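The structure under discussion appears below in the form of structure tokens.
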2 protein chains.
Amino acid sequence: MKYTEKLRNSGLRPTKQRVQICNALFDEKKTFHFTVKDLAKKIQNKINSHISLATVYNTVHAFEKKGYLKQIPINSNKIYFDTNVSEHHHFYDLDKNKLIDLNKCDVGPINIKKKINGKKIKSVEVLVKLEN
Amino acid sequence: MKYTEKLRNSGLRPTKQRVQICNALFDEKKTFHFTVKDLAKKIQNKINSHISLATVYNTVHAFEKKGYLKQIPINSNKIYFDTNVSEHHHFYDLDKNKLIDLNKCDVGPINIKKKINGKKIKSVEVLVKLEN
DNA sequence: ACAGCTTTTTAGAATCATTATAAACTACCT
DNA sequence: AGGTAGTTTATAATGATTCTAAAAAGCTGT
Ligand SMILES: [Mn+2]
Ligand SMILES: [Mn+2]
Ligand SMILES: [Zn+2]
Ligand SMILES: [Zn+2]
């Protein structure tokens, strides 16, 4: 199987559900943005067995912890995830309510001048809000 | 009253509740970050009358629409607001779960190279995640 | 001050995303 | 195959936010 090793290597048992979620997430030609609800629906349409919503939540969080997915910082009461885990940024179209990728090369280098004692920078993410 | 004109000028009737919310938000020496629940609690402690949580929600949203407050882009299922409406950015301390201001001058100029047809940029916000 | 009209406040209910529970099931090891 | 720890599941619980519709308050003209 395509994803059994990936899962096993990060200490996650390659269950049928996890492999199906991997298929939905990582088989696509293009990376994409999603909420857990979106993803669960997508999987139901793809396969004809049912995966519990709780399992999709659990798995998405496990994958995020392993770095297979990341969350997108945005002010919403829903959490948006990204299958593109490379360093990149986002446009947020306020009218269509849609996220659009900004590759790292689409944004000039970002220089954080302030330091916080004893803390190190884990990530730097830019959100560019768009209107008409 | 200190805030009646401000409210009236933006088409909001200066009710007792709105003025009290203004006091809690804008009388502080320093700007701050909050959730609506936080703010409601702060107000209850300050005054000894009660303001409905729904009113605090309504008012915070009205103020945001008028530009007196802004939301902070962060991946959380709670919405964080900021009384600092100037162009600035944020550190997010992942361990303490706390937001820290980055003044505009703490971050070098940000150059967005990509354009989206027919859209204009409303804001550019940076979130810098910190870990130990 | 008062009537008439509009906006606002309010308690409570409804909604919706997310997390917790704990029993049934499955993968893995020997 | 049997034992054990990890996983899935339906369902309940939680918690933030929004909705509702009736009561209260603000405003304008008299
Ligand atoms: Mn992406
Ligand atoms: Mn601030
Ligand atoms: Zn992205
Ligand atoms: Zn701030």
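Labels for the structure tokens follow display order: chains A, B, ..., residues from 1 in each chain, ligands from 1.
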To check your reading of the model: which residues sit at most 12 Å from ligand 1 when counting only C-alpha atoms (C1' of nucleotides) and all ligand atoms? Write the answer as a PDB file with all heavy atoms, in the first residue's frame.
```
ATOM      1  N   LEU A  25      -6.565  12.904   1.021  1.00  0.00           N
ATOM      2  CA  LEU A  25      -5.733  14.087   1.257  1.00  0.00           C
ATOM      3  C   LEU A  25      -4.578  14.212   0.268  1.00  0.00           C
ATOM      4  O   LEU A  25      -4.295  15.307  -0.225  1.00  0.00           O
ATOM      5  CB  LEU A  25      -5.152  14.048   2.678  1.00  0.00           C
ATOM      6  CG  LEU A  25      -6.104  14.287   3.833  1.00  0.00           C
ATOM      7  CD1 LEU A  25      -5.395  14.022   5.147  1.00  0.00           C
ATOM      8  CD2 LEU A  25      -6.656  15.701   3.795  1.00  0.00           C
ATOM      9  N   GLU A  28      -4.412  13.757  -4.518  1.00  0.00           N
ATOM     10  CA  GLU A  28      -4.771  14.848  -5.442  1.00  0.00           C
ATOM     11  C   GLU A  28      -3.517  15.408  -6.116  1.00  0.00           C
ATOM     12  O   GLU A  28      -2.456  15.474  -5.508  1.00  0.00           O
ATOM     13  CB  GLU A  28      -5.433  15.991  -4.661  1.00  0.00           C
ATOM     14  CG  GLU A  28      -6.676  15.589  -3.908  1.00  0.00           C
ATOM     15  CD  GLU A  28      -7.890  15.458  -4.797  1.00  0.00           C
ATOM     16  OE1 GLU A  28      -8.012  16.261  -5.757  1.00  0.00           O
ATOM     17  OE2 GLU A  28      -8.706  14.567  -4.548  1.00  0.00           O
ATOM     18  N   LYS A  29      -3.712  15.840  -7.347  1.00  0.00           N
ATOM     19  CA  LYS A  29      -2.605  16.488  -8.058  1.00  0.00           C
ATOM     20  C   LYS A  29      -2.240  17.809  -7.388  1.00  0.00           C
ATOM     21  O   LYS A  29      -1.084  18.170  -7.275  1.00  0.00           O
ATOM     22  CB  LYS A  29      -2.995  16.748  -9.522  1.00  0.00           C
ATOM     23  CG  LYS A  29      -2.776  15.538 -10.433  1.00  0.00           C
ATOM     24  CD  LYS A  29      -3.008  15.875 -11.893  1.00  0.00           C
ATOM     25  CE  LYS A  29      -4.484  16.020 -12.238  1.00  0.00           C
ATOM     26  NZ  LYS A  29      -5.262  14.758 -12.207  1.00  0.00           N
ATOM     27  N   LYS A  30      -3.297  18.535  -6.967  1.00  0.00           N
ATOM     28  CA  LYS A  30      -3.061  19.835  -6.333  1.00  0.00           C
ATOM     29  C   LYS A  30      -3.339  19.770  -4.841  1.00  0.00           C
ATOM     30  O   LYS A  30      -4.235  19.043  -4.410  1.00  0.00           O
ATOM     31  CB  LYS A  30      -3.984  20.895  -6.966  1.00  0.00           C
ATOM     32  CG  LYS A  30      -3.653  21.196  -8.419  1.00  0.00           C
ATOM     33  CD  LYS A  30      -4.331  22.485  -8.854  1.00  0.00           C
ATOM     34  CE  LYS A  30      -3.610  23.148 -10.004  1.00  0.00           C
ATOM     35  NZ  LYS A  30      -2.238  23.614  -9.692  1.00  0.00           N
ATOM     36  N   THR A  31      -2.582  20.544  -4.075  1.00  0.00           N
ATOM     37  CA  THR A  31      -2.884  20.653  -2.644  1.00  0.00           C
ATOM     38  C   THR A  31      -4.175  21.454  -2.485  1.00  0.00           C
ATOM     39  O   THR A  31      -4.601  22.137  -3.402  1.00  0.00           O
ATOM     40  CB  THR A  31      -1.748  21.378  -1.906  1.00  0.00           C
ATOM     41  OG1 THR A  31      -1.639  22.695  -2.410  1.00  0.00           O
ATOM     42  CG2 THR A  31      -0.424  20.641  -2.073  1.00  0.00           C
ATOM     43  N   PHE A  32      -4.769  21.347  -1.307  1.00  0.00           N
ATOM     44  CA  PHE A  32      -6.034  22.075  -1.099  1.00  0.00           C
ATOM     45  C   PHE A  32      -6.266  22.412   0.368  1.00  0.00           C
ATOM     46  O   PHE A  32      -5.555  21.933   1.253  1.00  0.00           O
ATOM     47  CB  PHE A  32      -7.212  21.272  -1.666  1.00  0.00           C
ATOM     48  CG  PHE A  32      -7.397  19.922  -1.032  1.00  0.00           C
ATOM     49  CD1 PHE A  32      -8.312  19.746  -0.007  1.00  0.00           C
ATOM     50  CD2 PHE A  32      -6.652  18.832  -1.463  1.00  0.00           C
ATOM     51  CE1 PHE A  32      -8.492  18.504   0.571  1.00  0.00           C
ATOM     52  CE2 PHE A  32      -6.824  17.580  -0.884  1.00  0.00           C
ATOM     53  CZ  PHE A  32      -7.739  17.412   0.128  1.00  0.00           C
ATOM     54  N   HIS A  33      -7.252  23.267   0.572  1.00  0.00           N
ATOM     55  CA  HIS A  33      -7.644  23.751   1.904  1.00  0.00           C
ATOM     56  C   HIS A  33      -8.975  23.113   2.265  1.00  0.00           C
ATOM     57  O   HIS A  33      -9.829  22.963   1.399  1.00  0.00           O
ATOM     58  CB  HIS A  33      -7.784  25.262   1.869  1.00  0.00           C
ATOM     59  CG  HIS A  33      -6.573  25.956   1.332  1.00  0.00           C
ATOM     60  ND1 HIS A  33      -6.626  26.925   0.364  1.00  0.00           N
ATOM     61  CD2 HIS A  33      -5.270  25.783   1.618  1.00  0.00           C
ATOM     62  CE1 HIS A  33      -5.401  27.340   0.096  1.00  0.00           C
ATOM     63  NE2 HIS A  33      -4.558  26.660   0.841  1.00  0.00           N
ATOM     64  N   PHE A  34      -9.147  22.795   3.521  1.00  0.00           N
ATOM     65  CA  PHE A  34     -10.398  22.125   3.907  1.00  0.00           C
ATOM     66  C   PHE A  34     -10.702  22.286   5.387  1.00  0.00           C
ATOM     67  O   PHE A  34      -9.820  22.564   6.186  1.00  0.00           O
ATOM     68  CB  PHE A  34     -10.315  20.626   3.574  1.00  0.00           C
ATOM     69  CG  PHE A  34      -9.255  19.884   4.358  1.00  0.00           C
ATOM     70  CD1 PHE A  34      -9.587  19.211   5.520  1.00  0.00           C
ATOM     71  CD2 PHE A  34      -7.930  19.876   3.945  1.00  0.00           C
ATOM     72  CE1 PHE A  34      -8.611  18.540   6.258  1.00  0.00           C
ATOM     73  CE2 PHE A  34      -6.949  19.211   4.670  1.00  0.00           C
ATOM     74  CZ  PHE A  34      -7.296  18.538   5.828  1.00  0.00           C
ATOM     75  N   LEU A  69      -0.047  17.849   7.739  1.00  0.00           N
ATOM     76  CA  LEU A  69      -1.060  18.863   7.461  1.00  0.00           C
ATOM     77  C   LEU A  69      -0.716  20.070   8.302  1.00  0.00           C
ATOM     78  O   LEU A  69      -0.031  19.936   9.312  1.00  0.00           O
ATOM     79  CB  LEU A  69      -2.450  18.375   7.898  1.00  0.00           C
ATOM     80  CG  LEU A  69      -3.086  17.216   7.155  1.00  0.00           C
ATOM     81  CD1 LEU A  69      -4.365  16.802   7.857  1.00  0.00           C
ATOM     82  CD2 LEU A  69      -3.370  17.614   5.706  1.00  0.00           C
ATOM     83  N   LYS A  70      -1.205  21.235   7.896  1.00  0.00           N
ATOM     84  CA  LYS A  70      -1.116  22.344   8.837  1.00  0.00           C
ATOM     85  C   LYS A  70      -2.387  23.154   8.884  1.00  0.00           C
ATOM     86  O   LYS A  70      -3.207  23.110   7.970  1.00  0.00           O
ATOM     87  CB  LYS A  70       0.121  23.214   8.575  1.00  0.00           C
ATOM     88  CG  LYS A  70       0.231  23.794   7.226  1.00  0.00           C
ATOM     89  CD  LYS A  70       1.441  24.736   7.140  1.00  0.00           C
ATOM     90  CE  LYS A  70       1.213  25.677   5.992  1.00  0.00           C
ATOM     91  NZ  LYS A  70       2.287  26.654   5.810  1.00  0.00           N
ATOM     92  N   GLN A  71      -2.534  23.884   9.964  1.00  0.00           N
ATOM     93  CA  GLN A  71      -3.691  24.756  10.104  1.00  0.00           C
ATOM     94  C   GLN A  71      -3.368  26.099   9.487  1.00  0.00           C
ATOM     95  O   GLN A  71      -2.231  26.542   9.483  1.00  0.00           O
ATOM     96  CB  GLN A  71      -4.025  24.948  11.582  1.00  0.00           C
ATOM     97  CG  GLN A  71      -4.570  23.697  12.231  1.00  0.00           C
ATOM     98  CD  GLN A  71      -5.061  23.967  13.647  1.00  0.00           C
ATOM     99  OE1 GLN A  71      -4.837  23.157  14.539  1.00  0.00           O
ATOM    100  NE2 GLN A  71      -5.700  25.104  13.856  1.00  0.00           N
ATOM    101  N   ILE A  72      -4.398  26.755   9.007  1.00  0.00           N
ATOM    102  CA  ILE A  72      -4.218  28.075   8.406  1.00  0.00           C
ATOM    103  C   ILE A  72      -4.723  29.127   9.376  1.00  0.00           C
ATOM    104  O   ILE A  72      -5.850  29.034   9.851  1.00  0.00           O
ATOM    105  CB  ILE A  72      -5.003  28.157   7.082  1.00  0.00           C
ATOM    106  CG1 ILE A  72      -4.516  27.069   6.120  1.00  0.00           C
ATOM    107  CG2 ILE A  72      -4.881  29.537   6.463  1.00  0.00           C
ATOM    108  CD1 ILE A  72      -5.369  26.925   4.884  1.00  0.00           C
ATOM    109  N   TYR A  80      -9.434  25.765   9.461  1.00  0.00           N
ATOM    110  CA  TYR A  80      -9.074  25.376   8.111  1.00  0.00           C
ATOM    111  C   TYR A  80      -7.706  24.715   8.099  1.00  0.00           C
ATOM    112  O   TYR A  80      -6.761  25.229   8.702  1.00  0.00           O
ATOM    113  CB  TYR A  80      -9.069  26.604   7.191  1.00  0.00           C
ATOM    114  CG  TYR A  80     -10.467  27.033   6.819  1.00  0.00           C
ATOM    115  CD1 TYR A  80     -11.214  27.827   7.670  1.00  0.00           C
ATOM    116  CD2 TYR A  80     -11.050  26.592   5.636  1.00  0.00           C
ATOM    117  CE1 TYR A  80     -12.514  28.193   7.351  1.00  0.00           C
ATOM    118  CE2 TYR A  80     -12.343  26.955   5.306  1.00  0.00           C
ATOM    119  CZ  TYR A  80     -13.069  27.754   6.166  1.00  0.00           C
ATOM    120  OH  TYR A  80     -14.352  28.101   5.847  1.00  0.00           O
ATOM    121  N   PHE A  81      -7.639  23.600   7.391  1.00  0.00           N
ATOM    122  CA  PHE A  81      -6.375  22.878   7.241  1.00  0.00           C
ATOM    123  C   PHE A  81      -5.883  22.995   5.811  1.00  0.00           C
ATOM    124  O   PHE A  81      -6.638  23.326   4.895  1.00  0.00           O
ATOM    125  CB  PHE A  81      -6.562  21.404   7.598  1.00  0.00           C
ATOM    126  CG  PHE A  81      -6.797  21.155   9.052  1.00  0.00           C
ATOM    127  CD1 PHE A  81      -8.085  21.196   9.574  1.00  0.00           C
ATOM    128  CD2 PHE A  81      -5.749  20.879   9.913  1.00  0.00           C
ATOM    129  CE1 PHE A  81      -8.314  20.970  10.926  1.00  0.00           C
ATOM    130  CE2 PHE A  81      -5.966  20.652  11.258  1.00  0.00           C
ATOM    131  CZ  PHE A  81      -7.252  20.700  11.763  1.00  0.00           C
ATOM    132  N   ASP A  82      -4.605  22.666   5.638  1.00  0.00           N
ATOM    133  CA  ASP A  82      -3.936  22.797   4.353  1.00  0.00           C
ATOM    134  C   ASP A  82      -3.118  21.533   4.113  1.00  0.00           C
ATOM    135  O   ASP A  82      -2.393  21.095   4.996  1.00  0.00           O
ATOM    136  CB  ASP A  82      -3.001  24.014   4.428  1.00  0.00           C
ATOM    137  CG  ASP A  82      -2.647  24.563   3.064  1.00  0.00           C
ATOM    138  OD1 ASP A  82      -2.654  23.792   2.090  1.00  0.00           O
ATOM    139  OD2 ASP A  82      -2.356  25.767   2.983  1.00  0.00           O
ATOM    140  N   THR A  83      -3.282  20.939   2.924  1.00  0.00           N
ATOM    141  CA  THR A  83      -2.424  19.789   2.595  1.00  0.00           C
ATOM    142  C   THR A  83      -1.063  20.253   2.085  1.00  0.00           C
ATOM    143  O   THR A  83      -0.156  19.447   1.924  1.00  0.00           O
ATOM    144  CB  THR A  83      -3.070  18.874   1.526  1.00  0.00           C
ATOM    145  OG1 THR A  83      -3.208  19.602   0.313  1.00  0.00           O
ATOM    146  CG2 THR A  83      -4.419  18.358   1.992  1.00  0.00           C
ATOM    147  N   ASN A  84      -0.942  21.524   1.821  1.00  0.00           N
ATOM    148  CA  ASN A  84       0.354  22.097   1.438  1.00  0.00           C
ATOM    149  C   ASN A  84       1.083  22.506   2.706  1.00  0.00           C
ATOM    150  O   ASN A  84       0.753  23.511   3.327  1.00  0.00           O
ATOM    151  CB  ASN A  84       0.118  23.309   0.534  1.00  0.00           C
ATOM    152  CG  ASN A  84       1.411  23.968   0.094  1.00  0.00           C
ATOM    153  OD1 ASN A  84       2.493  23.600   0.549  1.00  0.00           O
ATOM    154  ND2 ASN A  84       1.296  24.944  -0.779  1.00  0.00           N
ATOM    155  N   VAL A  85       2.071  21.695   3.088  1.00  0.00           N
ATOM    156  CA  VAL A  85       2.773  21.973   4.337  1.00  0.00           C
ATOM    157  C   VAL A  85       4.064  22.747   4.108  1.00  0.00           C
ATOM    158  O   VAL A  85       4.828  22.992   5.038  1.00  0.00           O
ATOM    159  CB  VAL A  85       3.055  20.679   5.137  1.00  0.00           C
ATOM    160  CG1 VAL A  85       1.755  20.065   5.609  1.00  0.00           C
ATOM    161  CG2 VAL A  85       3.875  19.702   4.313  1.00  0.00           C
ATOM    162  N   SER A  86       4.312  23.126   2.850  1.00  0.00           N
ATOM    163  CA  SER A  86       5.497  23.949   2.601  1.00  0.00           C
ATOM    164  C   SER A  86       5.242  25.364   3.114  1.00  0.00           C
ATOM    165  O   SER A  86       4.107  25.766   3.343  1.00  0.00           O
ATOM    166  CB  SER A  86       5.798  23.988   1.104  1.00  0.00           C
ATOM    167  OG  SER A  86       4.892  24.866   0.467  1.00  0.00           O
ATOM    168  N   GLU A  87       6.329  26.093   3.320  1.00  0.00           N
ATOM    169  CA  GLU A  87       6.243  27.474   3.777  1.00  0.00           C
ATOM    170  C   GLU A  87       5.549  28.308   2.699  1.00  0.00           C
ATOM    171  O   GLU A  87       6.096  28.503   1.612  1.00  0.00           O
ATOM    172  CB  GLU A  87       7.672  27.980   3.964  1.00  0.00           C
ATOM    173  CG  GLU A  87       7.904  28.704   5.279  1.00  0.00           C
ATOM    174  CD  GLU A  87       9.343  29.183   5.368  1.00  0.00           C
ATOM    175  OE1 GLU A  87      10.227  28.288   5.361  1.00  0.00           O
ATOM    176  OE2 GLU A  87       9.570  30.395   5.414  1.00  0.00           O
ATOM    177  N   HIS A  88       4.359  28.763   2.977  1.00  0.00           N
ATOM    178  CA  HIS A  88       3.668  29.615   2.005  1.00  0.00           C
ATOM    179  C   HIS A  88       2.618  30.435   2.741  1.00  0.00           C
ATOM    180  O   HIS A  88       2.402  30.262   3.940  1.00  0.00           O
ATOM    181  CB  HIS A  88       3.059  28.771   0.881  1.00  0.00           C
ATOM    182  CG  HIS A  88       1.857  27.979   1.280  1.00  0.00           C
ATOM    183  ND1 HIS A  88       1.927  26.843   2.045  1.00  0.00           N
ATOM    184  CD2 HIS A  88       0.543  28.168   1.017  1.00  0.00           C
ATOM    185  CE1 HIS A  88       0.713  26.360   2.228  1.00  0.00           C
ATOM    186  NE2 HIS A  88      -0.146  27.155   1.627  1.00  0.00           N
ATOM    187  N   HIS A  89       1.956  31.323   2.008  1.00  0.00           N
ATOM    188  CA  HIS A  89       1.033  32.263   2.637  1.00  0.00           C
ATOM    189  C   HIS A  89      -0.314  32.219   1.937  1.00  0.00           C
ATOM    190  O   HIS A  89      -0.508  31.441   1.011  1.00  0.00           O
ATOM    191  CB  HIS A  89       1.649  33.659   2.597  1.00  0.00           C
ATOM    192  CG  HIS A  89       3.023  33.697   3.178  1.00  0.00           C
ATOM    193  ND1 HIS A  89       3.262  33.556   4.525  1.00  0.00           N
ATOM    194  CD2 HIS A  89       4.239  33.794   2.590  1.00  0.00           C
ATOM    195  CE1 HIS A  89       4.560  33.592   4.743  1.00  0.00           C
ATOM    196  NE2 HIS A  89       5.186  33.731   3.588  1.00  0.00           N
ATOM    197  N   HIS A  90      -1.231  33.084   2.389  1.00  0.00           N
ATOM    198  CA  HIS A  90      -2.592  33.008   1.835  1.00  0.00           C
ATOM    199  C   HIS A  90      -3.230  34.365   1.582  1.00  0.00           C
ATOM    200  O   HIS A  90      -3.102  35.283   2.384  1.00  0.00           O
ATOM    201  CB  HIS A  90      -3.498  32.197   2.768  1.00  0.00           C
ATOM    202  CG  HIS A  90      -3.104  30.764   2.858  1.00  0.00           C
ATOM    203  ND1 HIS A  90      -2.261  30.289   3.822  1.00  0.00           N
ATOM    204  CD2 HIS A  90      -3.389  29.703   2.054  1.00  0.00           C
ATOM    205  CE1 HIS A  90      -2.052  29.007   3.632  1.00  0.00           C
ATOM    206  NE2 HIS A  90      -2.714  28.625   2.564  1.00  0.00           N
ATOM    207  N   PHE A  91      -3.927  34.408   0.469  1.00  0.00           N
ATOM    208  CA  PHE A  91      -4.938  35.429   0.229  1.00  0.00           C
ATOM    209  C   PHE A  91      -6.243  34.922   0.832  1.00  0.00           C
ATOM    210  O   PHE A  91      -6.532  33.720   0.764  1.00  0.00           O
ATOM    211  CB  PHE A  91      -5.188  35.602  -1.282  1.00  0.00           C
ATOM    212  CG  PHE A  91      -4.225  36.485  -2.004  1.00  0.00           C
ATOM    213  CD1 PHE A  91      -3.670  36.059  -3.213  1.00  0.00           C
ATOM    214  CD2 PHE A  91      -3.900  37.755  -1.544  1.00  0.00           C
ATOM    215  CE1 PHE A  91      -2.793  36.868  -3.919  1.00  0.00           C
ATOM    216  CE2 PHE A  91      -3.023  38.568  -2.250  1.00  0.00           C
ATOM    217  CZ  PHE A  91      -2.474  38.130  -3.440  1.00  0.00           C
ATOM    218  N   TYR A  92      -7.016  35.820   1.387  1.00  0.00           N
ATOM    219  CA  TYR A  92      -8.362  35.448   1.804  1.00  0.00           C
ATOM    220  C   TYR A  92      -9.353  36.398   1.156  1.00  0.00           C
ATOM    221  O   TYR A  92      -9.387  37.593   1.472  1.00  0.00           O
ATOM    222  CB  TYR A  92      -8.495  35.476   3.325  1.00  0.00           C
ATOM    223  CG  TYR A  92      -9.841  35.022   3.788  1.00  0.00           C
ATOM    224  CD1 TYR A  92     -10.344  33.786   3.391  1.00  0.00           C
ATOM    225  CD2 TYR A  92     -10.631  35.813   4.603  1.00  0.00           C
ATOM    226  CE1 TYR A  92     -11.589  33.360   3.796  1.00  0.00           C
ATOM    227  CE2 TYR A  92     -11.881  35.398   5.024  1.00  0.00           C
ATOM    228  CZ  TYR A  92     -12.348  34.162   4.605  1.00  0.00           C
ATOM    229  OH  TYR A  92     -13.594  33.738   5.012  1.00  0.00           O
ATOM    230  N   LYS A  98     -13.001  32.637   0.374  1.00  0.00           N
ATOM    231  CA  LYS A  98     -12.158  31.586  -0.185  1.00  0.00           C
ATOM    232  C   LYS A  98     -10.684  31.876   0.051  1.00  0.00           C
ATOM    233  O   LYS A  98     -10.244  33.025  -0.020  1.00  0.00           O
ATOM    234  CB  LYS A  98     -12.410  31.487  -1.697  1.00  0.00           C
ATOM    235  CG  LYS A  98     -12.534  30.055  -2.201  1.00  0.00           C
ATOM    236  CD  LYS A  98     -12.747  29.997  -3.707  1.00  0.00           C
ATOM    237  CE  LYS A  98     -11.749  30.811  -4.492  1.00  0.00           C
ATOM    238  NZ  LYS A  98     -11.771  30.581  -5.942  1.00  0.00           N
ATOM    239  N   LEU A  99      -9.921  30.835   0.342  1.00  0.00           N
ATOM    240  CA  LEU A  99      -8.482  30.944   0.538  1.00  0.00           C
ATOM    241  C   LEU A  99      -7.748  30.634  -0.759  1.00  0.00           C
ATOM    242  O   LEU A  99      -8.109  29.702  -1.472  1.00  0.00           O
ATOM    243  CB  LEU A  99      -8.037  29.947   1.612  1.00  0.00           C
ATOM    244  CG  LEU A  99      -8.374  30.320   3.049  1.00  0.00           C
ATOM    245  CD1 LEU A  99      -8.305  29.102   3.945  1.00  0.00           C
ATOM    246  CD2 LEU A  99      -7.416  31.400   3.542  1.00  0.00           C
ATOM    247  N   ILE A 100      -6.719  31.398  -1.044  1.00  0.00           N
ATOM    248  CA  ILE A 100      -5.917  31.196  -2.251  1.00  0.00           C
ATOM    249  C   ILE A 100      -4.454  31.173  -1.824  1.00  0.00           C
ATOM    250  O   ILE A 100      -4.028  32.003  -1.028  1.00  0.00           O
ATOM    251  CB  ILE A 100      -6.127  32.365  -3.250  1.00  0.00           C
ATOM    252  CG1 ILE A 100      -7.610  32.479  -3.624  1.00  0.00           C
ATOM    253  CG2 ILE A 100      -5.264  32.163  -4.496  1.00  0.00           C
ATOM    254  CD1 ILE A 100      -7.956  33.813  -4.278  1.00  0.00           C
ATOM    255  N   ASP A 101      -3.698  30.227  -2.366  1.00  0.00           N
ATOM    256  CA  ASP A 101      -2.284  30.127  -1.981  1.00  0.00           C
ATOM    257  C   ASP A 101      -1.444  31.257  -2.555  1.00  0.00           C
ATOM    258  O   ASP A 101      -1.654  31.716  -3.677  1.00  0.00           O
ATOM    259  CB  ASP A 101      -1.693  28.812  -2.478  1.00  0.00           C
ATOM    260  CG  ASP A 101      -1.901  27.699  -1.477  1.00  0.00           C
ATOM    261  OD1 ASP A 101      -2.117  28.001  -0.298  1.00  0.00           O
ATOM    262  OD2 ASP A 101      -1.851  26.529  -1.881  1.00  0.00           O
ATOM    263  N   LEU A 102      -0.502  31.674  -1.737  1.00  0.00           N
ATOM    264  CA  LEU A 102       0.563  32.587  -2.142  1.00  0.00           C
ATOM    265  C   LEU A 102       1.853  31.803  -1.928  1.00  0.00           C
ATOM    266  O   LEU A 102       2.187  31.479  -0.793  1.00  0.00           O
ATOM    267  CB  LEU A 102       0.589  33.789  -1.195  1.00  0.00           C
ATOM    268  CG  LEU A 102      -0.184  35.029  -1.576  1.00  0.00           C
ATOM    269  CD1 LEU A 102      -0.274  35.972  -0.393  1.00  0.00           C
ATOM    270  CD2 LEU A 102       0.479  35.711  -2.758  1.00  0.00           C
ATOM    271  N   ASN A 103       2.521  31.455  -2.979  1.00  0.00           N
ATOM    272  CA  ASN A 103       3.778  30.738  -2.780  1.00  0.00           C
ATOM    273  C   ASN A 103       4.775  31.609  -2.044  1.00  0.00           C
ATOM    274  O   ASN A 103       4.626  32.831  -1.990  1.00  0.00           O
ATOM    275  CB  ASN A 103       4.356  30.319  -4.127  1.00  0.00           C
ATOM    276  CG  ASN A 103       3.453  29.322  -4.816  1.00  0.00           C
ATOM    277  OD1 ASN A 103       2.860  28.472  -4.159  1.00  0.00           O
ATOM    278  ND2 ASN A 103       3.326  29.472  -6.124  1.00  0.00           N
ATOM    279  N   LYS A 104       5.762  30.960  -1.485  1.00  0.00           N
ATOM    280  CA  LYS A 104       6.780  31.705  -0.749  1.00  0.00           C
ATOM    281  C   LYS A 104       7.384  32.797  -1.640  1.00  0.00           C
ATOM    282  O   LYS A 104       7.633  33.909  -1.195  1.00  0.00           O
ATOM    283  CB  LYS A 104       7.867  30.745  -0.274  1.00  0.00           C
ATOM    284  CG  LYS A 104       8.669  31.310   0.882  1.00  0.00           C
ATOM    285  CD  LYS A 104       9.815  30.395   1.258  1.00  0.00           C
ATOM    286  CE  LYS A 104      10.647  31.038   2.369  1.00  0.00           C
ATOM    287  NZ  LYS A 104      11.862  30.277   2.655  1.00  0.00           N
TER     288      LYS A 104
END
```
### Who sits within 9 Å of C:DT26, only C-alpha atoms (C1' of nucleotides), same chain under 5 positions skipped, as a list in words
Thr15 of chain A; DG6, DT7 and DT8 of chain D
### Task
Please identify all polymer residues within 12 Å of D:DG2, counting only C-alpha atoms (C1' of nucleotides), omitting same-chain residues fewer than 2 positions from it, and present them as an MDAnalysis selection string.
(chainID C and resid 29:30) or (chainID D and resid 4)
Those selected residues, please, written with N, CA, C and O atoms (P, O5', C5', C4', C3', O3' and C1' of nucleotides) and delivered as a PDB file, in the first residue's frame.
```pdb
ATOM      1  P    DC C  29       4.387  -5.728  15.329  1.00  0.00           P
ATOM      2  O5'  DC C  29       4.699  -6.601  16.622  1.00  0.00           O
ATOM      3  C5'  DC C  29       4.328  -6.119  17.927  1.00  0.00           C
ATOM      4  C4'  DC C  29       4.309  -7.295  18.884  1.00  0.00           C
ATOM      5  C3'  DC C  29       5.371  -8.342  18.567  1.00  0.00           C
ATOM      6  O3'  DC C  29       6.146  -8.603  19.739  1.00  0.00           O
ATOM      7  C1'  DC C  29       3.228  -9.357  18.742  1.00  0.00           C
ATOM      8  P    DT C  30       7.389  -9.688  19.590  1.00  0.00           P
ATOM      9  O5'  DT C  30       6.778 -10.989  20.263  1.00  0.00           O
ATOM     10  C5'  DT C  30       6.121 -10.887  21.534  1.00  0.00           C
ATOM     11  C4'  DT C  30       5.545 -12.245  21.916  1.00  0.00           C
ATOM     12  C3'  DT C  30       6.498 -13.398  21.676  1.00  0.00           C
ATOM     13  O3'  DT C  30       6.482 -14.288  22.779  1.00  0.00           O
ATOM     14  C1'  DT C  30       4.425 -13.813  20.601  1.00  0.00           C
TER      15       DT C  30
ATOM     16  P    DT D   4      -2.745  -9.759  28.637  1.00  0.00           P
ATOM     17  O5'  DT D   4      -2.443  -8.455  27.793  1.00  0.00           O
ATOM     18  C5'  DT D   4      -1.179  -8.317  27.145  1.00  0.00           C
ATOM     19  C4'  DT D   4      -1.232  -7.106  26.226  1.00  0.00           C
ATOM     20  C3'  DT D   4      -1.962  -5.909  26.844  1.00  0.00           C
ATOM     21  O3'  DT D   4      -1.121  -4.771  26.727  1.00  0.00           O
ATOM     22  C1'  DT D   4      -2.772  -6.346  24.671  1.00  0.00           C
TER      23       DT D   4
END
```
### Query
Using only C-alpha atoms (C1' of nucleotides), which residues sit within 10 Å of stretch 20-25 of chain D once same-chain residues fewer than 5 positions away are excluded, as a list in words?
Thr15 and Lys16 of chain B; DT7, DT8, DT9, DT10, DG12, DA13 and DA14 of chain C
Residue subset to file, keeping C-alpha atoms (C1' of nucleotides), as a PDB file, in the first residue's frame:
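To be explicit, this is the file written out as again.pdb:
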```
ATOM      1  CA  THR B  15     -26.886  53.631  24.929  1.00  0.00           C
ATOM      2  CA  LYS B  16     -25.742  53.013  28.480  1.00  0.00           C
TER       3      LYS B  16
ATOM      4  C1'  DT C   7     -33.420  50.869  17.496  1.00  0.00           C
ATOM      5  C1'  DT C   8     -31.539  48.240  21.113  1.00  0.00           C
ATOM      6  C1'  DT C   9     -31.389  45.034  24.847  1.00  0.00           C
ATOM      7  C1'  DT C  10     -32.429  40.840  26.799  1.00  0.00           C
ATOM      8  C1'  DG C  12     -33.379  32.034  26.446  1.00  0.00           C
ATOM      9  C1'  DA C  13     -33.299  28.824  22.599  1.00  0.00           C
ATOM     10  C1'  DA C  14     -30.992  27.191  18.542  1.00  0.00           C
TER      11       DA C  14
END
```
